[in-house]
Structure formats: C-alpha cells, structure tokens
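Below: the structure, in structure tokens.
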Amino acid sequence: MKNIPLPIDRLLSRDSIAKRLAVDLQPDWVVNLGIGMPTLTTKYVKAEQDIVFHSENGIIGMGPPPPAESQDDDLRDAGKNFCTLIPGAALVHHADSFSLARGGRLDCAILGAFQVAANGDLANWRLPGDPTGNIGGAMDIATGAKEVFAMMTHVNKNGEPKLTEKLTYPATALSCVTRVFTDMAVISVTDDGYLLEETAPGISAEEVQFHTDAKLKVAANLRDIAA
Amino acid sequence: MKNKKRDSIPAALEAVQDGDTVFFGGFGTGGVPIALIKGLTDKKLSGLTIVSNNAGAGHNTIATLLQSGAVKKVICTFPYSRGSVIFNDLYHSGKIELELVPQGTLAERMRAGGSGLGGFLTPTGLGTEIAEGKPHIDVDGKTYVLEKALRADIALIKAHNVDLRGNLTYRLAARNFNPVMAMAAEYTIAQVSAEVPLGEIDPESVHTPGVYVDTYVIDKGEYDE
C-alpha cells in the first residue's frame with residue numbers, strides 16, 4: 001500500500017473532538033469523565049441535555065470549574081482540578097462512588113486511550129516498558145459503564161495507529177468501548193468490528209483506513225463531522 | 001465515656017508502631033490528614049506498609065515520608081503523578097514494593113474488611129493483568145474475580161467536625177476514602193478541623209459513627225507549610 005501521510009493540517013483540535021462527542025450524550029445521562037482530554041466535553045454540553053457528571057471521588061452532579069476566588073481544596077475532580085457542584089448534587093464516599101460505576105448507574109464513560117481493539121477492548125493504564133502504570137478508577141469505570149466512548153488522537157506520538165485489530169498493550173477492560181472519537185473520525189465498535197461513520201472535513205475514508213491497524217467498514221451514509 | 005481526644009499530633013500517633021500497615025485517607029488535596037502524616041514521618045518508624053490512592057507527588061507529605069525510608073511497601077491505585085520523583089527513585093532502585101489496585105476494588109476491599117467479610121466478587125480486572133493468579137468464580141453465568149478484604153493496623157483520616165463520641169462529618173469531596181478506611185482499621189486516628197458539643201451533629205447526618213474512631217486530634221495548623 002502506498003504511504004499516505006497523516007493529514008496534519010486537517011486533524012480536528014481537541015476542542016473540536018469534544019464538541020462532536022458532546023452531541024452524542026443523551027438527555028439525563030449520568031456520565032463519568034476520564035482525566036485529560038475527556039474533561040473538555042463539559043464545555044460543549046448544552047444545558048438542555050441536563051447531563052449529571054459523576055466524579056470517581058464521590059461527586060454525583062459535578063459542575064464547571066469555579067472562579068479563582070471560590071476554589072476549594074475539598075472540591076476537586078478526578079484529575080485534581082477545582083470543580084463545583086450543580087444544584088441537586090450528591091456526595092458519597094469512595095466505595096459507594098464505585099458501586100455506582102459497577103452497579104449499572106453510569107450511562108456513559110468518556111475515557112482517554114492508548115489503544116482500542118476492533119472488539120472494543122481498551123488499553124489506557126500502562127504502556128509496554130512502563131513497569132508500573134496507573135490504574136486509578138479506569139478499570140472499574142470501563143467495566144461498569146453502559147457506553148464507553150474513547151476520546152483520543154487517531155495515532156500516537158510515533159505516528160502509530162491507536163485503533164488496532166487486537167491490543168498489544170495491557171488491557172484495562174475487555175469489549176467495553178462502544179464508540180471512538182478521534183481527530184480524524186467517529187468510529188463505532190460493532191459485533192462485526194469497526195464501522196467508520198464520520199470523518200473530519202477534508203479527510204477521506206482512505207486516509208482514515210491507512211492510519212488504522214484494522215479493517216474499517218464504511219457506513220453507507222459516511223459524512224463529515226459537523227464543525 | 002472513653003476519652004478519645006488527644007491534645008497533640010504526637011500524642012494521637014502513640015499507637016503506631018514499626019511494621020504497621022497504615023491507611024492514609026484523602027484524594028488529591030481533599031481529606032488528606034496532612035498533620036498526622038507529617039507527625040508519622042517525625043516518628044521515624046520503619047517497615048511500614050502504606051495504603052493511599054497516590055504515592056506522593058513532588059516533595060509533598062507522602063513523598064517526604066517515603067524519602068525518610070520508613071516505608072517498605074505502597075498499596076495504591078495511581079503511583080505516578082506529575083513529579084512523583086521520590087516514589088520513582090525508590091521503586092526503580094528496589095527499595096520499595098508496589099501493589100497496584102484498581103480504585104473501586106481498593107475501596108471495596110476496605111468496605112469488606114470493615115464489614116466482617118473475607119472478600120468479594122468483582123467484574124473489574126477480568127482479562128487483565130490485575131486478575132492474573134486470582135480465583136475466578138462463576139455466579140449465575142457471569143464470571144467474577146475474587147478480591148480479598150483489606151484491613152490495616154492503623155487508619156489516619158481527616159474529617160471536618162467531631163464530637164466527644166468521635167462521630168465525624170466530612171466537607172464536600174473530602175469524604176472520599178476516609179469512611180471506609182475508618183471501618184477497616186484496628187485503630188482509627190482522625191485529624192479534625194473542629195470539635196462541636198455532643199448532640200450538635202444531627203444523628204441523621206453523621207458520616208462516620210464514633211464507634212469507628214479510636215482517637216481524634218484537632219488540627220491546630222502547626223504542621224501547615
């Protein structure tokens with residue numbers, strides 16, 4: 001296959017990925033956000049979606065970051081950033097917070113990923129060669145959430161595809177990812193593997209396929225990601 | 001009524017000994033018993049196993065304890081934070097052991113430990129390195145991993161208000177691991193912000209009942225940076 005360079009000038013920004021992903025959050029969903037890029041999603045959720053954000057450290061109904069004068073060391077999110085509570089929020093301890101996650105009350109988790117496999121396996125806690133890694137709440141949350149949206153760049157820093165046929169990195173949870181939002185595409189994980197549904201404006205299905213290490217089926221109604 | 005109150009951090013820490021397993025409450029900056037951890041560092045103990053969400057960052061409280069050589073093993077969920085150089089150095093030079101545990105599993109192991117249970121069955125970790133070597137048990141057609149209960153000799157926790165019986169309330173997200181740690185330790189020591197008269201904490205609003213608290217000390221700020 002001829003080399004197709006990464007279309008660097010047409011890749012979506014992190015904010016554009018977040019904006020697209022936010023559209024898929026259904027009204028009244030309880031949603032957990034992983035640390036890093038997933039937290040951008042809160043900027044693009046509309047009030048009428050009435051999303052209840054769960055933070056693993058016991059917050060059900062997390063609100064946006066506060067102004068500097070009302071930051072409180074007792075109120076931070078999973079990534080240790082200052083946050084607030086929405087009206088009607090509830091606070092629980094850690095064991096109850098993870099009961100919520102494993103117990104089927106999380107409609108969706110938005111998680112970063114090192115790799116996603118075509119059967120939905122997720123790797124996001126340890127890179128090969130790292131002797132320890134960081135698990136945090138990722139294993140419980142990926143296992144328990146009804147939908148897991150992986151939010152990530154399409155390739156890693158070395159230009160290698162992060163969407164693969166099988167994981168080559170240590171797994172976080174098996175068969176959990178339902179949809180992948182990258183800087184190139186929106187891809188669903190189906191019983192039959194990856195389904196390419198949307199591409200970033202100006203990026204072709206052929207380009208996405210070249211930078212993906214698994215076969216992509218292309219949706220009949222393949223469309224541009226709405227800007 | 002048993003006197004649980006101690007007048008100083010060193011007096012509150014009298015029960016902690018070499019070789020103990022010690023829980024540290026807190027997540028990020030919320031609910032971390034900083035004065036107690038600093039006081040523990042000053043005691044210059046050895047052979048401790050500490051259980052905490054993180055393994056210290058930069059030169060903060062937990063990192064300083066690790067650097068002092070008092071700790072032989074860390075049980076945590078997230079060892080690497082930005083600038084967790086002290087843990088890194090100790091781990092890579094083989095001076096400290098690590099047991100990495102998923103966060104929900106860690107909290108549930110404590111709840112089980114404080115509830116008279118030997119362990120619990122969880123779907124978390126199935127098919128991953130975390131489940132290797134652990135019994136897998138099928139219940140009604142679903143497979144689970146057996147995780148054992150976790151108890152400690154000592155819990156160091158932080159709360160907001162306390163009364164004479166040791167009943168505790170927590171502020172906001174400072175609750176985190178503190179209640180389950182208090183349940184699962186042989187001896188629980190609480191660093192609190194304020195003491196209120198008996199009866200002032202509404203019984204319906206007690207977060208940790210005093211039966212789980214052996215000792216409390218009011219943080220007077222002398223260990224602040």
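Following the order of the structure tokens, chains are lettered A, B, ..., residues in each are numbered from 1, and ligands are numbered from 1.
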
(message) What parts of segment 42-156 of chain A does DSSP call alpha helix (DSSP H)? I'd like the answer as a list in words.
(response)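 Assigned to alpha helix (DSSP H), within segment 42-156 of chain A: His94, Ala95, Asp96, Ser97, Phe98, Ser99, Leu100, Ala101, Arg102, Ala138, Met139, Asp140, Ile141, Ala142, Thr143 and Gly144 of chain A.
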
List every residue of chain A that has an atom at most 7 Å from any atom of chain B, and for each one report the closest atom pair and its distance in Å to one decimal, counting only C-alpha atoms, with rows sorted by chain and then by increasing residue number, as a Markdown table.
```
| residue | atom | partner | partner_atom | distance |
| --- | --- | --- | --- | --- |
| A:Asn57 | CA | B:Asn176 | CA | 5.5 |
| A:Gly58 | CA | B:Asn176 | CA | 6.1 |
| A:Ile59 | CA | B:Ala173 | CA | 6.7 |
| A:Asp73 | CA | B:Thr29 | CA | 5.7 |
| A:Asp74 | CA | B:Gly30 | CA | 4.3 |
| A:Leu75 | CA | B:Ala173 | CA | 5.3 |
| A:Lys80 | CA | B:Gly28 | CA | 5.5 |
| A:Leu91 | CA | B:Ala173 | CA | 6.7 |
| A:His93 | CA | B:Asn176 | CA | 4.6 |
| A:His94 | CA | B:Asn176 | CA | 4.7 |
| A:Ala95 | CA | B:Ala107 | CA | 4.8 |
| A:Phe98 | CA | B:Gly104 | CA | 5.0 |
| A:Asn134 | CA | B:Phe78 | CA | 4.6 |
| A:Ile135 | CA | B:Thr77 | CA | 5.6 |
| A:Gly136 | CA | B:Thr77 | CA | 4.8 |
| A:Gly137 | CA | B:Gln103 | CA | 4.8 |
| A:Met139 | CA | B:Thr124 | CA | 5.9 |
| A:Asp140 | CA | B:Thr124 | CA | 5.2 |
| A:Thr143 | CA | B:Thr124 | CA | 5.9 |
| A:Pro170 | CA | B:Thr128 | CA | 6.9 |
| A:Ala171 | CA | B:Thr128 | CA | 5.4 |
| A:Thr172 | CA | B:Thr128 | CA | 6.4 |
| A:Ala173 | CA | B:Gly125 | CA | 6.5 |
| A:Leu174 | CA | B:Gly127 | CA | 6.6 |
```

(message) Which residues are close to Ser46 of chain B, i.e. within 8 Å by only C-alpha atoms, leaving aside same-chain residues fewer than 5 positions away? Reply as a list in words.
(response) Asp18, Gly19, Gly69, Ala70, Val71 and Lys72 of chain B

(request) For Thr188 of chain B, list every protein, DNA or RNA residue within 8 Å, evaluated using only C-alpha atoms, and leave out those in the same chain fewer than 2 positions away; present the list as a list in words. (result) Ile154, Ala155, Leu156, Ile157, Ala182, Ala185, Glu186, Ala190, Tyr212, Val213, Asp214 and Thr215 of chain B

Could you save the residues just selected, with all heavy atoms, as a PDB file, in the first residue's frame?
```pdb
ATOM      1  N   ILE B 154      -3.696   0.590  61.384  1.00  0.00           N
ATOM      2  CA  ILE B 154      -3.974   1.991  61.716  1.00  0.00           C
ATOM      3  C   ILE B 154      -4.631   2.667  60.519  1.00  0.00           C
ATOM      4  O   ILE B 154      -4.220   2.444  59.375  1.00  0.00           O
ATOM      5  CB  ILE B 154      -2.649   2.758  62.001  1.00  0.00           C
ATOM      6  CG1 ILE B 154      -1.863   2.112  63.142  1.00  0.00           C
ATOM      7  CG2 ILE B 154      -2.913   4.245  62.237  1.00  0.00           C
ATOM      8  CD1 ILE B 154      -2.374   2.373  64.532  1.00  0.00           C
ATOM      9  N   ALA B 155      -5.645   3.508  60.753  1.00  0.00           N
ATOM     10  CA  ALA B 155      -6.127   4.419  59.706  1.00  0.00           C
ATOM     11  C   ALA B 155      -5.852   5.839  60.167  1.00  0.00           C
ATOM     12  O   ALA B 155      -6.197   6.207  61.302  1.00  0.00           O
ATOM     13  CB  ALA B 155      -7.616   4.224  59.453  1.00  0.00           C
ATOM     14  N   LEU B 156      -5.227   6.624  59.302  1.00  0.00           N
ATOM     15  CA  LEU B 156      -5.080   8.055  59.551  1.00  0.00           C
ATOM     16  C   LEU B 156      -6.063   8.754  58.616  1.00  0.00           C
ATOM     17  O   LEU B 156      -5.945   8.641  57.389  1.00  0.00           O
ATOM     18  CB  LEU B 156      -3.651   8.530  59.253  1.00  0.00           C
ATOM     19  CG  LEU B 156      -2.517   7.836  60.022  1.00  0.00           C
ATOM     20  CD1 LEU B 156      -1.173   8.496  59.691  1.00  0.00           C
ATOM     21  CD2 LEU B 156      -2.764   7.861  61.531  1.00  0.00           C
ATOM     22  N   ILE B 157      -7.050   9.412  59.189  1.00  0.00           N
ATOM     23  CA  ILE B 157      -8.079  10.031  58.362  1.00  0.00           C
ATOM     24  C   ILE B 157      -8.243  11.500  58.732  1.00  0.00           C
ATOM     25  O   ILE B 157      -7.735  11.958  59.762  1.00  0.00           O
ATOM     26  CB  ILE B 157      -9.436   9.287  58.488  1.00  0.00           C
ATOM     27  CG1 ILE B 157      -9.993   9.399  59.911  1.00  0.00           C
ATOM     28  CG2 ILE B 157      -9.275   7.819  58.085  1.00  0.00           C
ATOM     29  CD1 ILE B 157     -11.441   8.947  60.020  1.00  0.00           C
ATOM     30  N   ALA B 182     -11.798   4.189  57.978  1.00  0.00           N
ATOM     31  CA  ALA B 182     -12.109   4.176  59.420  1.00  0.00           C
ATOM     32  C   ALA B 182     -12.724   2.835  59.821  1.00  0.00           C
ATOM     33  O   ALA B 182     -12.444   2.300  60.888  1.00  0.00           O
ATOM     34  CB  ALA B 182     -13.065   5.316  59.753  1.00  0.00           C
ATOM     35  N   ALA B 185      -9.860  -0.446  59.893  1.00  0.00           N
ATOM     36  CA  ALA B 185      -8.605  -0.447  60.648  1.00  0.00           C
ATOM     37  C   ALA B 185      -8.836  -0.908  62.082  1.00  0.00           C
ATOM     38  O   ALA B 185      -9.901  -0.705  62.652  1.00  0.00           O
ATOM     39  CB  ALA B 185      -7.999   0.954  60.647  1.00  0.00           C
ATOM     40  N   GLU B 186      -7.810  -1.546  62.656  1.00  0.00           N
ATOM     41  CA  GLU B 186      -7.880  -1.928  64.073  1.00  0.00           C
ATOM     42  C   GLU B 186      -7.994  -0.683  64.946  1.00  0.00           C
ATOM     43  O   GLU B 186      -8.610  -0.705  66.010  1.00  0.00           O
ATOM     44  CB  GLU B 186      -6.606  -2.688  64.479  1.00  0.00           C
ATOM     45  CG  GLU B 186      -6.362  -3.986  63.739  1.00  0.00           C
ATOM     46  CD  GLU B 186      -7.456  -5.005  63.991  1.00  0.00           C
ATOM     47  OE1 GLU B 186      -8.025  -5.016  65.099  1.00  0.00           O
ATOM     48  OE2 GLU B 186      -7.765  -5.765  63.045  1.00  0.00           O
ATOM     49  N   ALA B 190      -8.298  10.191  63.836  1.00  0.00           N
ATOM     50  CA  ALA B 190      -8.863  11.242  62.982  1.00  0.00           C
ATOM     51  C   ALA B 190      -8.256  12.601  63.314  1.00  0.00           C
ATOM     52  O   ALA B 190      -8.219  13.002  64.485  1.00  0.00           O
ATOM     53  CB  ALA B 190     -10.377  11.296  63.156  1.00  0.00           C
ATOM     54  N   TYR B 212     -16.286   3.803  65.110  1.00  0.00           N
ATOM     55  CA  TYR B 212     -15.153   3.501  64.229  1.00  0.00           C
ATOM     56  C   TYR B 212     -13.925   4.359  64.541  1.00  0.00           C
ATOM     57  O   TYR B 212     -12.902   4.236  63.876  1.00  0.00           O
ATOM     58  CB  TYR B 212     -15.536   3.720  62.760  1.00  0.00           C
ATOM     59  CG  TYR B 212     -16.588   2.767  62.250  1.00  0.00           C
ATOM     60  CD1 TYR B 212     -17.832   3.229  61.844  1.00  0.00           C
ATOM     61  CD2 TYR B 212     -16.323   1.398  62.167  1.00  0.00           C
ATOM     62  CE1 TYR B 212     -18.795   2.355  61.363  1.00  0.00           C
ATOM     63  CE2 TYR B 212     -17.283   0.521  61.695  1.00  0.00           C
ATOM     64  CZ  TYR B 212     -18.509   1.002  61.297  1.00  0.00           C
ATOM     65  OH  TYR B 212     -19.464   0.127  60.817  1.00  0.00           O
ATOM     66  N   VAL B 213     -14.052   5.276  65.478  1.00  0.00           N
ATOM     67  CA  VAL B 213     -12.973   6.239  65.724  1.00  0.00           C
ATOM     68  C   VAL B 213     -12.395   6.002  67.121  1.00  0.00           C
ATOM     69  O   VAL B 213     -13.112   6.035  68.111  1.00  0.00           O
ATOM     70  CB  VAL B 213     -13.503   7.686  65.592  1.00  0.00           C
ATOM     71  CG1 VAL B 213     -12.396   8.700  65.894  1.00  0.00           C
ATOM     72  CG2 VAL B 213     -14.078   7.901  64.193  1.00  0.00           C
ATOM     73  N   ASP B 214     -11.100   5.718  67.183  1.00  0.00           N
ATOM     74  CA  ASP B 214     -10.456   5.448  68.475  1.00  0.00           C
ATOM     75  C   ASP B 214      -9.873   6.711  69.101  1.00  0.00           C
ATOM     76  O   ASP B 214      -9.843   6.847  70.315  1.00  0.00           O
ATOM     77  CB  ASP B 214      -9.344   4.405  68.272  1.00  0.00           C
ATOM     78  CG  ASP B 214      -9.914   3.093  67.797  1.00  0.00           C
ATOM     79  OD1 ASP B 214     -10.472   2.363  68.643  1.00  0.00           O
ATOM     80  OD2 ASP B 214      -9.864   2.817  66.583  1.00  0.00           O
ATOM     81  N   THR B 215      -9.359   7.591  68.256  1.00  0.00           N
ATOM     82  CA  THR B 215      -8.665   8.780  68.739  1.00  0.00           C
ATOM     83  C   THR B 215      -8.917   9.929  67.783  1.00  0.00           C
ATOM     84  O   THR B 215      -8.995   9.715  66.571  1.00  0.00           O
ATOM     85  CB  THR B 215      -7.138   8.486  68.797  1.00  0.00           C
ATOM     86  OG1 THR B 215      -6.883   7.626  69.897  1.00  0.00           O
ATOM     87  CG2 THR B 215      -6.322   9.743  68.982  1.00  0.00           C
TER      88      THR B 215
END
```

(message) When you count only C-alpha atoms, which of these residues is closest to Met1 of chain B: B:Gly221, B:Gly25, B:Gly166, B:Gly199?
(response) B:Gly166

(request) Measuring atom to atom with only C-alpha atoms, identify which of A:Val155, A:Ala68, A:Ala113, A:Ile8 is nearest to Leu127 of chain A. (result)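 Nearest candidate to Leu127 of chain A out of A:Val155, A:Ala68, A:Ala113, A:Ile8: A:Ala113.
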
(request) May I have all residues of segment 173-215 of chain A that DSSP, computed from the backbone, assigns to strand (DSSP E), given as a ChimeraX atom specification? (result) /A:177-181,185-190,193-199

(request) Would you kindly return, as a ChimeraX atom specification, each protein, DNA or RNA residue with an atom no farther than 7 Å from any atom of Leu12 of chain A, considering only C-alpha atoms and excluding same-chain residues fewer than 4 positions away? (result) /A:16-17,183-184,200

Store the residues picked out above, limited to N, CA and C atoms, as a PDB file, in the first residue's frame.
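And here is the file that came out, result-v4.pdb:
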```pdb
ATOM      1  N   SER A  16     -12.536  20.473  19.129  1.00  0.00           N
ATOM      2  CA  SER A  16     -13.495  20.033  18.107  1.00  0.00           C
ATOM      3  C   SER A  16     -13.932  18.590  18.348  1.00  0.00           C
ATOM      4  N   ILE A  17     -13.011  17.758  18.815  1.00  0.00           N
ATOM      5  CA  ILE A  17     -13.386  16.375  19.156  1.00  0.00           C
ATOM      6  C   ILE A  17     -14.421  16.401  20.283  1.00  0.00           C
ATOM      7  N   ASP A 183      -9.216  12.631  16.242  1.00  0.00           N
ATOM      8  CA  ASP A 183      -9.012  13.845  15.459  1.00  0.00           C
ATOM      9  C   ASP A 183      -9.179  13.599  13.958  1.00  0.00           C
ATOM     10  N   MET A 184      -9.483  12.351  13.575  1.00  0.00           N
ATOM     11  CA  MET A 184      -9.745  12.044  12.164  1.00  0.00           C
ATOM     12  C   MET A 184     -11.164  11.572  11.902  1.00  0.00           C
ATOM     13  N   ALA A 200     -13.339  13.773   9.650  1.00  0.00           N
ATOM     14  CA  ALA A 200     -13.098  15.213   9.782  1.00  0.00           C
ATOM     15  C   ALA A 200     -13.169  15.834   8.388  1.00  0.00           C
TER      16      ALA A 200
END
```

(message) Would you pick out the contacts of Gly193 of chain A at 9 Å or less, using only C-alpha atoms, so that residues sharing its chain but fewer than 4 positions from it are not included, and give the list as a list of chain:residue names?
(response)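 Counting only C-alpha atoms, the residues come to A:Ala117, A:Ala118, A:Asn119, A:Gly120, A:Glu165, A:Ser188, A:Val189, A:Ala214, A:Lys215, A:Leu216, A:Lys217.
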
(message) With only C-alpha atoms as the counted atoms, please give the residues lying no more than 12 Å from His59 of chain B, apart from itself and same-chain residues fewer than 3 positions off, as a ChimeraX atom specification.
(response) /B:55-56,62-68,81-87,225

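Computed from the coordinates, the atom CA of Ile35 of chain A to atom CA of Ile96 of chain B distance equals 27.1 Å.
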
(message) So, with only C-alpha atoms as the atoms that count, which of B:Ile201, B:Ala149, B:Ala12, B:Met181 lies closest to Ile218 of chain B?
(response) B:Ala12

(request) Please indicate the distance in Å from atom CA of Glu200 of chain B to atom CA of Met183 of chain B, rounded to one decimal place. (result) 22.7 Å

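With distances restricted to only C-alpha atoms, A:Pro161 is the closest residue to Thr212 of chain A from A:Thr190, A:Glu147, A:Pro161, A:Gln71.
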
(message) Quick check, in Å to one decimal: how far apart do atom CA of Leu25 of chain A and atom CA of Cys108 of chain A lie?
(response)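 Between these atoms lies a distance of 8.0 Å.
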
(request) Would you please work out which residue, of A:Arg10, A:Arg20, A:His54, A:Arg223, is nearest to Phe149 of chain A when using only C-alpha atoms? (result)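 With only C-alpha atoms as the atom set, the closest residue is A:Arg20.
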